[in-house]
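Worksheet: one structure, shown below.
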Amino acid sequence: DTAVSQTPKYLVTQMGNDKSIKCEQNLGHDTMYWYKQDSKKFLKIMFSYNNKELIINETVPNRFSPKSPDKAHLNLHINSLELGDSAVYFCASSHKLAGVGGDIQYFGAGTRLSVL
Amino acid sequence: AQSVTQPDIHITVSEGASLELRCNYSYGATPYLFWYVQSPGQGLQLLLKYFSGDTLVQGIKGFEAEFKRSQSSFNLRKPSVHWSDAAEYFCAVGADAGNMLTFGGGTRLMVKP
């Protein structure tokens with residue numbers, strides 16, 4: 001069974017559309033993340049959710065909204081898509097102990113979003 | 001704020017040759033350091049990690065890395081590269097606050113037959 005799964009794997013859409021990417025983890029982790037990897041392969045964190053509460057929100061446009069119906073799922077909704085949103089989006093998860101860093105994050109296979 | 005630099009964007013080695021991928025970090029406290037590998041079209045897989053203790057850490061697929069505090073480095077090594085090692089390699093540093101990972105820009109490894 002895949003530990004962290006994302007759907008869809010590929011997403012091609014027009015500018016201005018609204019789209020969602022789903023992420024599910026079956027590892028029993030408390031914390032989930034969304035990362036964006038741009039065309040130059042730079043990976044940057046977008047959001048982190050700990051047990052359904054947002055704990056990091058890097059400077060991401062508010063067109064991006066994470067939604068966590070439960071701690072095993074963290075979906076990413078994107079409104080009014082722009083060309084610059086084209087990237088690969090990775091979901092990840094980890095155990096979370098308050099105040100302890102260095103926990104291992106497990107990544108999904110990524111969703112390649114292309115905005116035309 | 002922490003940062004990670006991978007000075008080499010591309011590296012090409014012959015199969016069977018040794019490999020060293022460089023990683024330098026900037027962080028105010030003891031860092032938590034990671035190496036991940038990304039094969040084409042795939043997600044990131046953890047190769048190894050350093051939290052504390054022995055500064056030479058062993059990972060999967062025959063990789064190892066050495067933490068050198070004096071040089072702020074965490075270089076990845078492999079004594080003999082296989083063609084299947086061709087991939088993108090990312091070094092990352094983790095912080096206490098929110099368990100955030102900061103990644104380097106990646107190094108693309110190509111392996112010649």
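A note on labels: chains of the structure tokens are A, B, ... as shown, every chain counts residues from 1, and ligands are counted from 1 in their shown order.
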Kindly assemble as a tab-separated table a list of the chain A residues that lie within 12 Å of chain B, each paired with its nearest atom pair and their distance in Å to one decimal, using only C-alpha atoms, sorted first by chain and then by ascending residue number.
residue	atom	partner	partner_atom	distance
A:Thr2	CA	B:Gly43	CA	11.7
A:Ala3	CA	B:Gly43	CA	11.7
A:Val4	CA	B:Gly43	CA	9.8
A:Ser5	CA	B:Gly43	CA	10.1
A:Gln6	CA	B:Gly43	CA	10.2
A:Lys9	CA	B:Gly41	CA	9.6
A:Tyr10	CA	B:Gly41	CA	10.6
A:Asp30	CA	B:Asn99	CA	11.8
A:Thr31	CA	B:Asn99	CA	9.1
A:Met32	CA	B:Asn99	CA	10.3
A:Tyr33	CA	B:Met100	CA	9.0
A:Trp34	CA	B:Met100	CA	10.9
A:Tyr35	CA	B:Leu101	CA	9.7
A:Lys36	CA	B:Phe103	CA	11.2
A:Gln37	CA	B:Gly105	CA	10.0
A:Asp38	CA	B:Gly105	CA	10.3
A:Ser39	CA	B:Gly105	CA	11.1
A:Lys40	CA	B:Gly105	CA	7.9
A:Lys41	CA	B:Gly105	CA	6.5
A:Phe42	CA	B:Gly105	CA	5.1
A:Leu43	CA	B:Phe103	CA	6.0
A:Lys44	CA	B:Thr102	CA	6.9
A:Ile45	CA	B:Leu101	CA	7.3
A:Met46	CA	B:Met100	CA	10.0
A:Phe47	CA	B:Met100	CA	9.4
A:Ser48	CA	B:Gly98	CA	7.6
A:Tyr49	CA	B:Gly98	CA	9.2
A:Asn50	CA	B:Gly98	CA	8.8
A:Glu53	CA	B:Gly98	CA	11.6
A:Leu54	CA	B:Gly98	CA	9.9
A:Ile55	CA	B:Gly98	CA	6.5
A:Ile56	CA	B:Gly98	CA	6.7
A:Asn57	CA	B:Gly98	CA	10.3
A:Glu58	CA	B:Met100	CA	10.3
A:Val88	CA	B:Gly43	CA	9.9
A:Tyr89	CA	B:Gly43	CA	9.8
A:Phe90	CA	B:Gly43	CA	7.4
A:Cys91	CA	B:Gly43	CA	9.2
A:Ala92	CA	B:Leu44	CA	9.4
A:Ser93	CA	B:Asn99	CA	10.5
A:Ser94	CA	B:Asn99	CA	8.9
A:His95	CA	B:Asn99	CA	9.6
A:Lys96	CA	B:Asn99	CA	7.8
A:Leu97	CA	B:Asn99	CA	9.0
A:Ala98	CA	B:Gly98	CA	8.1
A:Gly99	CA	B:Asp96	CA	5.9
A:Val100	CA	B:Asp96	CA	5.5
A:Gly101	CA	B:Asp96	CA	3.9
A:Gly102	CA	B:Tyr32	CA	5.0
A:Asp103	CA	B:Asn99	CA	6.9
A:Ile104	CA	B:Leu46	CA	8.1
A:Gln105	CA	B:Leu46	CA	8.1
A:Tyr106	CA	B:Gln45	CA	7.3
A:Phe107	CA	B:Leu44	CA	5.7
A:Gly108	CA	B:Gly43	CA	5.5
A:Ala109	CA	B:Gly43	CA	3.7
A:Gly110	CA	B:Gly43	CA	5.7
A:Thr111	CA	B:Gly43	CA	9.3
A:Arg112	CA	B:Gly41	CA	9.1
Using DSSP assignments from the backbone, pull out every residue in chain B that falls under strand (DSSP E) and give it to me as a compact mmCIF listing (two decimals) with C-alpha atoms, in the first residue's frame.
# COMPACT_ATOMS: atom_id res chain seq x y z
CA SER B 3 19.20 27.75 4.26
CA VAL B 4 20.80 24.97 2.25
CA THR B 5 23.18 25.27 -0.68
CA HIS B 10 24.80 18.74 -12.42
CA ILE B 11 27.32 15.99 -11.84
CA THR B 12 28.27 13.22 -14.25
CA VAL B 13 30.22 10.18 -13.10
CA SER B 14 31.11 6.88 -14.71
CA LEU B 19 30.57 9.95 -5.83
CA GLU B 20 30.43 12.93 -3.53
CA LEU B 21 27.57 15.42 -3.57
CA ASN B 24 26.28 23.31 2.92
CA TYR B 25 23.77 24.59 5.39
CA SER B 26 23.16 27.65 7.47
CA TYR B 32 18.66 18.09 11.58
CA LEU B 33 19.97 17.10 8.15
CA PHE B 34 18.52 14.91 5.44
CA TRP B 35 19.31 13.64 1.99
CA TYR B 36 16.44 12.75 -0.31
CA VAL B 37 16.54 11.27 -3.80
CA GLN B 38 14.00 11.95 -6.52
CA LEU B 44 11.15 12.06 -2.80
CA GLN B 45 12.65 9.12 -0.98
CA LEU B 46 14.70 9.52 2.18
CA LEU B 47 18.27 8.25 1.80
CA LEU B 48 19.58 9.08 5.24
CA LYS B 49 19.33 11.53 8.11
CA TYR B 50 21.46 13.07 10.82
CA LEU B 56 29.05 9.55 9.77
CA VAL B 57 25.62 8.19 8.94
CA GLN B 58 24.75 5.27 6.76
CA GLU B 64 26.61 7.58 3.49
CA ALA B 65 26.98 11.18 4.60
CA GLU B 66 29.28 12.97 7.01
CA PHE B 67 28.25 15.89 9.17
CA LYS B 68 31.05 18.40 9.65
CA SER B 73 28.56 20.62 5.52
CA PHE B 74 26.71 17.35 5.10
CA ASN B 75 28.16 15.76 1.97
CA LEU B 76 26.71 12.60 0.49
CA ARG B 77 29.04 9.84 -0.70
CA LYS B 78 28.90 6.50 -2.40
CA ALA B 87 18.42 10.93 -10.20
CA GLU B 88 18.02 14.30 -8.52
CA TYR B 89 19.42 14.54 -5.00
CA PHE B 90 18.21 17.01 -2.43
CA CYS B 91 19.80 18.02 0.83
CA ALA B 92 17.50 19.45 3.47
CA VAL B 93 17.72 20.94 6.93
CA GLY B 94 14.94 20.66 9.48
CA LEU B 101 12.16 21.35 5.97
CA THR B 102 14.25 23.72 3.88
CA PHE B 103 15.64 22.15 0.75
CA THR B 107 21.98 18.13 -7.76
CA ARG B 108 21.22 16.13 -10.87
CA LEU B 109 23.39 13.04 -11.08
CA MET B 110 24.02 11.43 -14.44
CA VAL B 111 25.83 8.11 -14.73
CA LYS B 112 27.87 7.21 -17.80
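Neighbouring residues of Phe64 of chain A at 8 Å or closer, counting only C-alpha atoms and skipping chain neighbours under 6 positions away, are Leu76, His77, Ile78 and Asn79 of chain A.
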- Query: Can you list, as a ChimeraX atom specification, every protein, DNA or RNA residue that comes within 7 Å of Ser18 of chain B when you count only C-alpha atoms, leaving out same-chain residues fewer than 5 positions away?
  - Reply: /B:78-81
- When you draw a straight line from atom CA of Glu24 of chain A to atom CA of Ser65 of chain A, how long is it in Å?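 Value for the atom CA of Glu24 of chain A-atom CA of Ser65 of chain A distance: 16.3 Å.
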- Message: Given only C-alpha atoms as the basis, pick out the residue of A:Leu27, A:Leu11, A:Leu113, A:Ile21 nearest to Ser86 of chain A.
- Response: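 Ranking A:Leu27, A:Leu11, A:Leu113, A:Ile21 by distance to Ser86 of chain A, first place goes to A:Leu113.
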- Give me, please, the distance in Å between atom CA of Pro113 of chain B and atom CA of Glu15 of chain B, quoted to one decimal.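 That distance, rounded to one decimal, is 5.5 Å.
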- Task: Excluding Val115 of chain A and residues on its chain fewer than 5 positions from it, collect all residues at most 10 Å away from it, counting only C-alpha atoms, and give them as a VMD selection string.
- Result: chain A and resid 11 to 17 81 to 87
Selection file, N, CA and C atoms, as an mmCIF file, in the first residue's frame:
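Dumped everything to part21.cif:
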data_model
loop_
_atom_site.group_PDB
_atom_site.id
_atom_site.type_symbol
_atom_site.label_atom_id
_atom_site.label_comp_id
_atom_site.auth_asym_id
_atom_site.auth_seq_id
_atom_site.Cartn_x
_atom_site.Cartn_y
_atom_site.Cartn_z
ATOM 1 N N LEU A 11 -2.297 17.164 -13.954
ATOM 2 C CA LEU A 11 -3.457 18.041 -14.022
ATOM 3 C C LEU A 11 -3.145 19.163 -15.008
ATOM 4 N N VAL A 12 -3.907 19.215 -16.082
ATOM 5 C CA VAL A 12 -3.737 20.257 -17.085
ATOM 6 C C VAL A 12 -5.035 21.057 -17.131
ATOM 7 N N THR A 13 -4.906 22.368 -17.006
ATOM 8 C CA THR A 13 -6.114 23.182 -16.923
ATOM 9 C C THR A 13 -5.859 24.570 -17.489
ATOM 10 N N GLN A 14 -6.920 25.317 -17.666
ATOM 11 C CA GLN A 14 -6.829 26.659 -18.215
ATOM 12 C C GLN A 14 -6.676 27.679 -17.093
ATOM 13 N N MET A 15 -6.074 28.801 -17.443
ATOM 14 C CA MET A 15 -6.001 29.933 -16.507
ATOM 15 C C MET A 15 -7.391 30.318 -16.041
ATOM 16 N N GLY A 16 -7.491 30.677 -14.771
ATOM 17 C CA GLY A 16 -8.757 31.133 -14.219
ATOM 18 C C GLY A 16 -9.617 30.040 -13.609
ATOM 19 N N ASN A 17 -9.283 28.795 -13.925
ATOM 20 C CA ASN A 17 -10.068 27.689 -13.361
ATOM 21 C C ASN A 17 -9.722 27.472 -11.893
ATOM 22 N N LEU A 81 -6.612 29.912 -11.160
ATOM 23 C CA LEU A 81 -5.259 29.464 -11.492
ATOM 24 C C LEU A 81 -4.553 30.430 -12.430
ATOM 25 N N GLU A 82 -3.259 30.605 -12.184
ATOM 26 C CA GLU A 82 -2.410 31.473 -12.996
ATOM 27 C C GLU A 82 -1.284 30.649 -13.615
ATOM 28 N N LEU A 83 -0.693 31.222 -14.665
ATOM 29 C CA LEU A 83 0.394 30.504 -15.343
ATOM 30 C C LEU A 83 1.507 30.135 -14.367
ATOM 31 N N GLY A 84 1.798 31.031 -13.446
ATOM 32 C CA GLY A 84 2.890 30.811 -12.496
ATOM 33 C C GLY A 84 2.618 29.723 -11.484
ATOM 34 N N ASP A 85 1.398 29.212 -11.471
ATOM 35 C CA ASP A 85 1.085 28.116 -10.561
ATOM 36 C C ASP A 85 1.560 26.773 -11.117
ATOM 37 N N SER A 86 1.959 26.765 -12.365
ATOM 38 C CA SER A 86 2.455 25.511 -12.963
ATOM 39 C C SER A 86 3.676 25.036 -12.196
ATOM 40 N N ALA A 87 3.607 23.822 -11.720
ATOM 41 C CA ALA A 87 4.676 23.278 -10.871
ATOM 42 C C ALA A 87 4.310 21.844 -10.527
#
- Every residue of chain B that DSSP places in helix (DSSP H, G or I), as a VMD selection string: chain B and resid 60 to 62 69 to 71 83 to 85 97 to 99
- In terms of the shortest atom-to-atom distance over only C-alpha atoms, which of A:Thr59, A:Ser68, A:Asn75, A:Asn51 is closest to Ser20 of chain A?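 Of A:Thr59, A:Ser68, A:Asn75, A:Asn51, the one nearest Ser20 of chain A, counting only C-alpha atoms, is A:Asn75.
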- Å distance separating atom CA of Arg69 of chain B from atom CA of Gln6 of chain B, one decimal place: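 Straight-line distance from atom CA of Arg69 of chain B to atom CA of Gln6 of chain B works out to 16.3 Å.
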